[in-house]
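*Asks:* Contents of work_0.pdb (PDB, C-alpha atoms and all ligand atoms) are below:
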ATOM      1  CA  MET A 325      11.115  11.191  12.942
ATOM      2  CA  ARG A 326      11.584   9.409   9.648
ATOM      3  CA  SER A 327      15.022   9.926   8.239
ATOM      4  CA  ALA A 328      15.482  11.208   4.696
ATOM      5  CA  LEU A 329      18.811   9.466   4.255
ATOM      6  CA  PRO A 330      17.474   5.981   3.824
ATOM      7  CA  LEU A 331      15.338   7.101   0.954
ATOM      8  CA  LEU A 332      18.550   7.966  -0.789
ATOM      9  CA  THR A 333      20.260   4.754   0.102
ATOM     10  CA  VAL A 334      17.547   2.170  -0.296
ATOM     11  CA  THR A 335      18.101   0.359  -3.491
ATOM     12  CA  LEU A 336      16.539  -1.032  -6.284
ATOM     13  CA  THR A 337      16.718  -4.260  -4.967
ATOM     14  CA  LEU A 338      14.218  -3.536  -2.321
ATOM     15  CA  GLY A 339      11.488  -2.954  -4.821
ATOM     16  CA  LEU A 340      12.774  -4.512  -7.951
ATOM     17  CA  ALA A 341      14.993  -7.426  -7.163
ATOM     18  CA  THR A 342      12.331  -9.992  -7.462
ATOM     19  CA  THR A 343      11.458  -9.052 -10.975
ATOM     20  CA  LEU A 344      14.533  -7.495 -12.492
ATOM     21  CA  GLY A 345      17.387  -9.815 -11.568
ATOM     22  CA  SER A 346      20.676  -8.436 -12.856
ATOM     23  CA  VAL A 347      19.001  -5.347 -14.261
ATOM     24  CA  GLY A 348      17.826  -4.683 -10.709
ATOM     25  CA  ALA A 349      21.372  -4.991  -9.466
ATOM     26  CA  ARG A 350      22.470  -2.170 -11.769
ATOM     27  CA  ALA A 351      19.758   0.028 -10.368
ATOM     28  CA  ALA A 352      21.388  -0.083  -6.969
ATOM     29  CA  ASP A 353      21.205   3.652  -6.479
ATOM     30  CA  ALA A 354      17.545   4.076  -7.207
ATOM     31  CA  VAL A 355      15.546   6.052  -4.679
ATOM     32  CA  ALA A 356      12.600   4.121  -3.303
ATOM     33  CA  PRO A 357      11.173   3.055   0.008
ATOM     34  CA  ALA A 358      10.958  -0.691   0.437
ATOM     35  CA  LYS A 359       7.744  -2.613   0.905
ATOM     36  CA  ILE A 360       8.451  -5.014   3.739
ATOM     37  CA  GLY A 361       6.051  -7.796   4.654
ATOM     38  CA  ILE A 362       6.443  -9.027   8.230
ATOM     39  CA  ILE A 363       5.415 -12.564   9.120
ATOM     40  CA  GLY A 364       5.558 -12.894  12.893
ATOM     41  CA  THR A 365       4.972  -9.528  14.544
ATOM     42  CA  GLY A 366       6.177 -10.371  18.018
ATOM     43  CA  LYS A 367       9.117  -8.939  19.923
ATOM     44  CA  ILE A 368      11.541  -8.974  17.005
ATOM     45  CA  GLY A 369       9.041  -8.366  14.188
ATOM     46  CA  SER A 370       7.454  -5.335  15.854
ATOM     47  CA  THR A 371      10.844  -3.870  16.791
ATOM     48  CA  LEU A 372      12.024  -4.126  13.197
ATOM     49  CA  ALA A 373       8.721  -2.748  11.909
ATOM     50  CA  ARG A 374       9.260   0.385  14.019
ATOM     51  CA  ALA A 375      12.891   0.732  12.978
ATOM     52  CA  TRP A 376      12.191   0.292   9.270
ATOM     53  CA  VAL A 377       9.303   2.755   9.254
ATOM     54  CA  LYS A 378      11.565   5.250  10.988
ATOM     55  CA  ALA A 379      14.118   4.574   8.252
ATOM     56  CA  GLY A 380      11.600   5.468   5.560
ATOM     57  CA  HIS A 381      10.047   2.149   4.566
ATOM     58  CA  ASP A 382       6.509   0.820   4.401
ATOM     59  CA  VAL A 383       5.652  -2.278   6.392
ATOM     60  CA  PHE A 384       2.799  -4.759   6.393
ATOM     61  CA  VAL A 385       2.645  -6.456   9.777
ATOM     62  CA  SER A 386       0.698  -9.659  10.146
ATOM     63  CA  SER A 387      -0.944 -12.076  12.508
ATOM     64  CA  ASP A 388      -3.661 -14.676  12.386
ATOM     65  CA  HIS A 389      -5.455 -12.091  14.535
ATOM     66  CA  PRO A 390      -4.528  -8.828  12.783
ATOM     67  CA  GLU A 391      -6.860  -6.822  15.011
ATOM     68  CA  LYS A 392      -4.216  -7.292  17.736
ATOM     69  CA  LEU A 393      -1.864  -5.141  15.668
ATOM     70  CA  GLN A 394      -4.033  -2.036  15.386
ATOM     71  CA  ALA A 395      -2.121  -0.123  18.085
ATOM     72  CA  LEU A 396       1.149  -0.758  16.250
ATOM     73  CA  VAL A 397      -0.405   0.293  12.934
ATOM     74  CA  ALA A 398      -1.724   3.480  14.534
ATOM     75  CA  GLU A 399       1.715   4.204  15.978
ATOM     76  CA  LEU A 400       3.370   3.769  12.586
ATOM     77  CA  ALA A 401       0.674   5.417  10.446
ATOM     78  CA  PRO A 402       0.599   6.030   7.576
ATOM     79  CA  HIS A 403       3.496   3.687   6.805
ATOM     80  CA  ALA A 404       2.104   0.476   8.262
ATOM     81  CA  GLN A 405      -0.876  -1.733   7.665
ATOM     82  CA  ALA A 406      -1.904  -5.041   9.181
ATOM     83  CA  GLY A 407      -3.429  -8.212   7.851
ATOM     84  CA  THR A 408      -2.846 -11.917   7.546
ATOM     85  CA  PRO A 409       0.538 -13.541   6.895
ATOM     86  CA  ARG A 410      -0.611 -14.247   3.329
ATOM     87  CA  GLN A 411      -1.373 -10.562   2.759
ATOM     88  CA  ALA A 412       1.990  -9.568   4.236
ATOM     89  CA  ALA A 413       3.805 -12.033   2.000
ATOM     90  CA  ALA A 414       1.959 -10.703  -1.054
ATOM     91  CA  PHE A 415       2.663  -7.069  -0.103
ATOM     92  CA  GLY A 416       6.401  -7.227   0.457
ATOM     93  CA  SER A 417       9.229  -7.349  -2.002
ATOM     94  CA  VAL A 418      11.255  -8.089   1.105
ATOM     95  CA  ILE A 419       9.793 -10.454   3.693
ATOM     96  CA  LEU A 420      10.843 -10.713   7.324
ATOM     97  CA  VAL A 421      10.081 -14.137   8.783
ATOM     98  CA  SER A 422      10.285 -13.972  12.578
ATOM     99  CA  ILE A 423       8.237 -16.801  14.018
ATOM    100  CA  PRO A 424       8.550 -19.740  16.386
ATOM    101  CA  TYR A 425      10.497 -22.180  14.230
ATOM    102  CA  ARG A 426       7.817 -24.868  14.431
ATOM    103  CA  ALA A 427       5.620 -22.618  12.228
ATOM    104  CA  MET A 428       8.195 -22.589   9.414
ATOM    105  CA  PRO A 429       6.923 -25.704   7.554
ATOM    106  CA  GLN A 430       3.375 -24.327   7.530
ATOM    107  CA  ILE A 431       4.508 -20.903   6.252
ATOM    108  CA  GLY A 432       6.546 -22.610   3.538
ATOM    109  CA  MET A 433       3.629 -24.733   2.397
ATOM    110  CA  GLU A 434       0.854 -22.164   2.620
ATOM    111  CA  LEU A 435       2.709 -19.114   1.323
ATOM    112  CA  ARG A 436       4.951 -20.729  -1.269
ATOM    113  CA  ALA A 437       3.436 -18.791  -4.172
ATOM    114  CA  GLU A 438       3.549 -15.424  -2.379
ATOM    115  CA  LEU A 439       7.158 -15.927  -1.229
ATOM    116  CA  ALA A 440       8.508 -17.123  -4.581
ATOM    117  CA  GLY A 441      11.554 -15.152  -5.693
ATOM    118  CA  LYS A 442      11.402 -12.662  -2.839
ATOM    119  CA  VAL A 443      14.188 -11.649  -0.515
ATOM    120  CA  ILE A 444      13.491 -13.309   2.840
ATOM    121  CA  LEU A 445      15.186 -12.234   6.054
ATOM    122  CA  ASP A 446      14.948 -14.996   8.644
ATOM    123  CA  THR A 447      15.455 -14.311  12.350
ATOM    124  CA  SER A 448      13.910 -17.546  13.557
ATOM    125  CA  ASN A 449      15.799 -19.936  15.821
ATOM    126  CA  PRO A 450      14.968 -23.616  16.171
ATOM    127  CA  VAL A 451      14.667 -24.303  19.894
ATOM    128  CA  GLU A 452      13.671 -27.809  20.988
ATOM    129  CA  ARG A 453      11.880 -26.862  24.212
ATOM    130  CA  ARG A 454       9.608 -24.475  22.324
ATOM    131  CA  ASP A 455       9.441 -25.996  18.833
ATOM    132  CA  GLY A 456       9.689 -29.728  19.546
ATOM    133  CA  ALA A 457      11.666 -32.381  17.720
ATOM    134  CA  MET A 458      11.630 -30.560  14.371
ATOM    135  CA  ALA A 459      14.034 -28.052  15.942
ATOM    136  CA  LEU A 460      16.659 -30.765  16.274
ATOM    137  CA  ASP A 461      16.494 -31.515  12.545
ATOM    138  CA  ALA A 462      16.923 -27.823  11.758
ATOM    139  CA  GLN A 463      19.827 -27.475  14.189
ATOM    140  CA  LYS A 464      21.515 -30.474  12.577
ATOM    141  CA  LYS A 465      21.248 -28.994   9.090
ATOM    142  CA  GLY A 466      21.955 -25.471  10.299
ATOM    143  CA  ALA A 467      18.993 -23.130  10.633
ATOM    144  CA  GLY A 468      19.793 -21.213   7.436
ATOM    145  CA  VAL A 469      19.861 -24.302   5.254
ATOM    146  CA  ALA A 470      16.754 -25.664   6.975
ATOM    147  CA  THR A 471      14.802 -22.415   6.457
ATOM    148  CA  ALA A 472      15.712 -22.273   2.772
ATOM    149  CA  GLN A 473      14.434 -25.824   2.345
ATOM    150  CA  LEU A 474      11.250 -25.243   4.323
ATOM    151  CA  LEU A 475      10.461 -21.979   2.504
ATOM    152  CA  HIS A 476      11.489 -23.359  -0.919
ATOM    153  CA  SER A 477      13.659 -20.301  -1.426
ATOM    154  CA  LYS A 478      17.170 -19.530  -2.617
ATOM    155  CA  ARG A 479      16.900 -15.936  -1.405
ATOM    156  CA  VAL A 480      16.920 -16.511   2.332
ATOM    157  CA  VAL A 481      19.280 -14.379   4.389
ATOM    158  CA  ARG A 482      19.838 -15.249   8.055
ATOM    159  CA  ALA A 483      19.860 -12.038  10.056
ATOM    160  CA  PHE A 484      18.946 -10.710  13.515
ATOM    161  CA  ASN A 485      18.777 -14.234  14.964
ATOM    162  CA  CYS A 486      21.381 -13.601  17.642
ATOM    163  CA  ILE A 487      20.570 -10.137  18.909
ATOM    164  CA  GLY A 488      18.007  -9.796  21.678
ATOM    165  CA  ALA A 489      14.893  -7.749  21.037
ATOM    166  CA  PRO A 490      15.756  -5.139  23.730
ATOM    167  CA  SER A 491      19.163  -4.540  22.182
ATOM    168  CA  LEU A 492      17.645  -4.350  18.710
ATOM    169  CA  ALA A 493      15.213  -1.749  20.010
ATOM    170  CA  SER A 494      17.737   0.441  21.809
ATOM    171  CA  ASP A 495      21.228  -0.067  20.373
ATOM    172  CA  GLY A 496      20.751   1.237  16.831
ATOM    173  CA  PHE A 497      23.322   3.912  15.865
ATOM    174  CA  ARG A 498      25.314   3.071  19.013
ATOM    175  CA  LYS A 499      28.340   5.289  19.587
ATOM    176  CA  PRO A 500      31.283   5.234  19.379
ATOM    177  CA  ALA A 501      31.012   1.921  17.508
ATOM    178  CA  GLN A 502      27.870   0.350  16.124
ATOM    179  CA  LEU A 503      26.934  -3.227  16.944
ATOM    180  CA  ALA A 504      27.508  -5.879  14.302
ATOM    181  CA  ILE A 505      24.773  -8.108  12.922
ATOM    182  CA  PRO A 506      26.160 -11.283  11.354
ATOM    183  CA  ILE A 507      24.339 -12.313   8.197
ATOM    184  CA  GLY A 508      24.708 -14.946   5.525
ATOM    185  CA  GLY A 509      23.007 -16.300   2.460
ATOM    186  CA  ASP A 510      23.492 -17.776  -0.989
ATOM    187  CA  ASP A 511      22.046 -14.970  -3.109
ATOM    188  CA  ALA A 512      24.227 -11.910  -3.653
ATOM    189  CA  LEU A 513      21.355  -9.555  -4.354
ATOM    190  CA  ALA A 514      19.440 -10.691  -1.278
ATOM    191  CA  LEU A 515      22.541 -10.119   0.837
ATOM    192  CA  LYS A 516      22.862  -6.583  -0.509
ATOM    193  CA  VAL A 517      19.250  -5.837   0.381
ATOM    194  CA  ALA A 518      19.795  -7.203   3.884
ATOM    195  CA  GLU A 519      22.971  -5.186   4.346
ATOM    196  CA  ARG A 520      21.193  -1.959   3.448
ATOM    197  CA  LEU A 521      18.198  -2.666   5.670
ATOM    198  CA  ILE A 522      20.548  -3.334   8.575
ATOM    199  CA  ARG A 523      22.722  -0.260   7.981
ATOM    200  CA  GLU A 524      19.697   1.976   7.741
ATOM    201  CA  ILE A 525      18.607   1.094  11.271
ATOM    202  CA  GLY A 526      22.020   1.731  12.756
ATOM    203  CA  PHE A 527      23.758  -1.638  12.881
ATOM    204  CA  ASP A 528      26.767  -2.916  10.929
ATOM    205  CA  PRO A 529      26.042  -5.971   8.790
ATOM    206  CA  VAL A 530      28.894  -8.481   8.604
ATOM    207  CA  VAL A 531      28.530 -11.064   5.858
ATOM    208  CA  ILE A 532      29.829 -14.316   7.294
ATOM    209  CA  GLY A 533      29.271 -16.407   4.176
ATOM    210  CA  SER A 534      26.833 -18.845   2.614
ATOM    211  CA  LEU A 535      23.665 -20.130   4.255
ATOM    212  CA  ALA A 536      25.543 -23.286   5.216
ATOM    213  CA  ARG A 537      28.148 -21.089   6.867
ATOM    214  CA  THR A 538      25.554 -19.235   8.957
ATOM    215  CA  ARG A 539      25.545 -22.159  11.364
ATOM    216  CA  VAL A 540      28.486 -20.442  13.075
ATOM    217  CA  PHE A 541      25.995 -17.905  14.419
ATOM    218  CA  ASP A 542      23.137 -20.287  15.141
ATOM    219  CA  LEU A 543      22.234 -20.121  18.838
ATOM    220  CA  GLY A 544      24.970 -21.552  21.016
ATOM    221  CA  GLU A 545      27.600 -21.360  18.259
ATOM    222  CA  PRO A 546      30.764 -19.240  18.450
ATOM    223  CA  LEU A 547      29.511 -16.100  16.685
ATOM    224  CA  ALA A 548      26.092 -15.973  18.349
ATOM    225  CA  GLY A 549      27.289 -14.166  21.447
ATOM    226  CA  GLY A 550      26.414 -10.668  20.292
ATOM    227  CA  GLY A 551      27.707  -7.368  21.617
ATOM    228  CA  LEU A 552      30.523  -7.177  19.069
ATOM    229  CA  THR A 553      31.540  -4.417  16.706
ATOM    230  CA  ALA A 554      32.025  -5.279  13.033
ATOM    231  CA  ALA A 555      35.809  -5.415  13.434
ATOM    232  CA  GLU A 556      35.484  -7.718  16.436
ATOM    233  CA  MET A 557      32.981  -9.899  14.591
ATOM    234  CA  ARG A 558      35.276 -10.228  11.563
ATOM    235  CA  GLY A 559      38.193 -11.100  13.812
ATOM    236  CA  LYS A 560      36.186 -13.777  15.586
ATOM    237  CA  ALA A 561      34.887 -15.143  12.276
ATOM    238  CA  ALA A 562      38.457 -15.466  11.015
ATOM    239  CA  GLN A 563      39.422 -17.379  14.171
ATOM    240  CA  VAL A 564      36.471 -19.737  13.746
ATOM    241  CA  THR A 565      37.444 -20.349  10.130
ATOM    242  CA  ALA A 566      41.024 -21.049  11.121
ATOM    243  CA  GLN A 567      40.002 -23.688  13.692
TER     244      GLN A 567
HETATM  245  N1  LIG B   1      13.028 -12.354  21.307
HETATM  246  C1  LIG B   1      14.321 -12.269  20.983
HETATM  247  O1  LIG B   1      15.079 -11.555  21.663
HETATM  248  C2  LIG B   1      14.854 -13.005  19.770
HETATM  249  C3  LIG B   1      16.132 -12.666  19.312
HETATM  250  C4  LIG B   1      16.621 -13.243  18.149
HETATM  251  C5  LIG B   1      15.855 -14.208  17.482
HETATM  252  N2  LIG B   1      14.640 -14.570  17.973
HETATM  253  C6  LIG B   1      13.888 -15.584  17.219
HETATM  254  O2  LIG B   1      13.026 -14.892  16.323
HETATM  255  C7  LIG B   1      11.757 -15.552  16.255
HETATM  256  C8  LIG B   1      10.687 -14.597  16.764
HETATM  257  O3  LIG B   1      10.986 -14.283  18.112
HETATM  258  P1  LIG B   1      10.064 -13.300  18.978
HETATM  259  O4  LIG B   1      10.719 -13.224  20.303
HETATM  260  O5  LIG B   1       9.763 -12.080  18.211
HETATM  261  O6  LIG B   1       8.757 -14.199  19.124
HETATM  262  P2  LIG B   1       7.325 -13.777  19.661
HETATM  263  O7  LIG B   1       7.394 -12.471  20.386
HETATM  264  O8  LIG B   1       6.755 -14.956  20.343
HETATM  265  O9  LIG B   1       6.531 -13.519  18.295
HETATM  266  C9  LIG B   1       6.343 -14.541  17.365
HETATM  267  C10 LIG B   1       5.227 -14.145  16.459
HETATM  268  O10 LIG B   1       5.034 -15.208  15.515
HETATM  269  C11 LIG B   1       3.647 -15.276  15.206
HETATM  270  N3  LIG B   1       3.310 -16.631  14.817
HETATM  271  C12 LIG B   1       3.264 -17.746  15.588
HETATM  272  N4  LIG B   1       2.883 -18.815  14.865
HETATM  273  C13 LIG B   1       2.685 -18.353  13.609
HETATM  274  C14 LIG B   1       2.264 -18.969  12.398
HETATM  275  N5  LIG B   1       1.984 -20.281  12.333
HETATM  276  N6  LIG B   1       2.165 -18.200  11.312
HETATM  277  C15 LIG B   1       2.432 -16.876  11.349
HETATM  278  N7  LIG B   1       2.833 -16.236  12.458
HETATM  279  C16 LIG B   1       2.951 -16.969  13.578
HETATM  280  C17 LIG B   1       2.910 -14.816  16.458
HETATM  281  O11 LIG B   1       1.824 -14.021  16.056
HETATM  282  P3  LIG B   1       0.288 -14.459  16.141
HETATM  283  O12 LIG B   1       0.183 -15.553  17.165
HETATM  284  O13 LIG B   1      -0.427 -13.231  16.498
HETATM  285  O14 LIG B   1      -0.032 -14.907  14.747
HETATM  286  C18 LIG B   1       3.917 -13.937  17.196
HETATM  287  O15 LIG B   1       3.588 -12.571  17.146
HETATM  288  C19 LIG B   1      11.894 -16.822  17.110
HETATM  289  O16 LIG B   1      12.234 -17.907  16.296
HETATM  290  C20 LIG B   1      13.033 -16.478  18.065
HETATM  291  O17 LIG B   1      13.706 -17.654  18.505
HETATM  292  C21 LIG B   1      14.110 -13.968  19.086
END
Starting from the file, lay out its structure as structure tokens.
*Replies:*
Amino acid sequence: MRSALPLLTVTLTLGLATTLGSVGARAADAVAPAKIGIIGTGKIGSTLARAWVKAGHDVFVSSDHPEKLQALVAELAPHAQAGTPRQAAAFGSVILVSIPYRAMPQIGMELRAELAGKVILDTSNPVERRDGAMALDAQKKGAGVATAQLLHSKRVVRAFNCIGAPSLASDGFRKPAQLAIPIGGDDALALKVAERLIREIGFDPVVIGSLARTRVFDLGEPLAGGGLTAAEMRGKAAQVTAQ
């Protein structure tokens, strides 16, 4: 059942950030469902689509073969529609990018106009065995910095890259303590949007720092382990900083 609470807590920013800038920030208590475009509707993208619809938002899921997504759209009706990645990018004021990393350059080139100025949540991990040599470049820069460059965006937030899809699907609102999701980015408004969208699906966002700093939770790095509460995550982040 869709929860009423998120409709009270979703901000401004979800709908207005891209156009209103600091005015949007003042509207942080506005009541509005977000329009979320999802590029990459696989294990992570479809899990988040379900969670965000349940939280009161509208999603546009996408694929190069959108007919494959009809069952998901039917499940989430009337709050989901499906189409191409370009349509999803045009629809959303918030965009989830959750794709094999090797597709990132193409998305950045082809959808540059549609993505301009929008809040982008990036779950995508560069993995050499799947994505080839370009993954090594991204790992060297840090995935957050690499994504921002490839998508030509200053509003990228790294999020959900180090929680497995099964946990994302089943651990929301965990008791007695919710699971932490480490996030980071360079745009304060984008971070606020991400924090709200994470809270609303029952996880605790922990802002680790800038996009450059998000390398501490790139795969294989100290904060990527998962399974931590927010307090544990903050403690571990402080240790990593101190080293
Ligand atoms: N699975 C996990 O537990 C997990 C956890 C954290 C992070 N991640 C990371 O998150 C990303 C997504 O993971 P996933 O497991 O959800 O992957 P997945 O199940 O393989 O789904 C990836 C989706 O990306 C789409 N895609 C592929 N190439 C594309 C392109 N050029 N343009 C647009 N869409 C494209 C595919 O859709 P179509 O082929 O239908 O277009 C597919 O549905 C990966 O980078 C992964 O490393 C995964």
*Asks:* Apply the PyMOL selection byres (((chain A and resi 516-533) around 7) and not hetatm) to the structure shown and report the selected residues as an NGL selection string.
*Replies:* :A and (330 or 334 or 337-338 or 375-376 or 379 or 496-497 or 502-509 or 512-515 or 534-535 or 537-538 or 554)
*Asks:* Here's the selection I'm unsure about, the PyMOL selection byres (((chain A and resi 463-475) around 10) and not hetatm); applied to the file above, which residues does it give, as JSON, numbers by chain?
*Replies:* {"A": [421, 425, 428, 429, 430, 431, 432, 433, 434, 435, 436, 439, 440, 444, 446, 447, 448, 449, 450, 451, 452, 458, 459, 460, 461, 462, 476, 477, 478, 479, 480, 481, 482, 483, 485, 508, 509, 510, 534, 535, 536, 537, 538, 539, 540, 541, 542, 543]}
*Asks:* Which residues are near ligand LIG 1 (chain B) - at most 6 Å, using only C-alpha atoms and all ligand atoms? Format: as a list in words.
*Replies:* Ile363, Gly364, Thr365, Gly366, Lys367, Ile368, Gly369, Ser387, Asp388, His389, Pro409, Ser422, Ile423, Pro424, Tyr425, Ala427, Thr447, Ser448, Asn449, Phe484, Asn485, Cys486, Ile487, Gly488 and Ala489 of chain A
*Asks:* Can you work out the spacing between CA of Lys442 (chain A) and CA of Ala561 (chain A) in Å, to one decimal?
*Replies:*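 Calculated distance between CA of Lys442 (chain A) and CA of Ala561 (chain A) is 28.0 Å.
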*Asks:* Looking at A:Arg453, A:Gly361, A:His381, A:Ala493, which one is nearest to Glu438 (chain A), with distances taken over all atoms listed in the file?
*Replies:* A:Gly361
*Asks:* Give me, please, the distance in Å between CA of Ala395 (chain A) and CA of Leu445 (chain A), quoted to one decimal.
*Replies:* 24.3 Å
*Asks:* Please, what distance in Å, to one decimal, runs between CA of Asp382 (chain A) and CA of Phe415 (chain A)?
*Replies:* 9.9 Å
*Asks:* Using all atoms listed in the file, pick whichever of A:Gln567, A:Asp511, A:Leu492, A:Lys378 has the shortest atom-to-atom distance to Gly551 (chain A).
*Replies:*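 So, comparing all the options, the nearest one is A:Leu492.
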*Asks:* Quick one: of A:Gly407, A:Lys359, A:Gly441, A:Ala412, who's nearest to Lys392 (chain A), counting all atoms listed in the file?
*Replies:*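 Using all atoms listed in the file, the shortest distance to Lys392 (chain A) belongs to A:Gly407.
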*Asks:* Identify which of the residues A:Leu400, A:Ala413, A:Ala358, A:Leu552 lies closest to Arg374 (chain A), counting all atoms listed in the file when measuring atom-to-atom distances.
*Replies:* A:Leu400
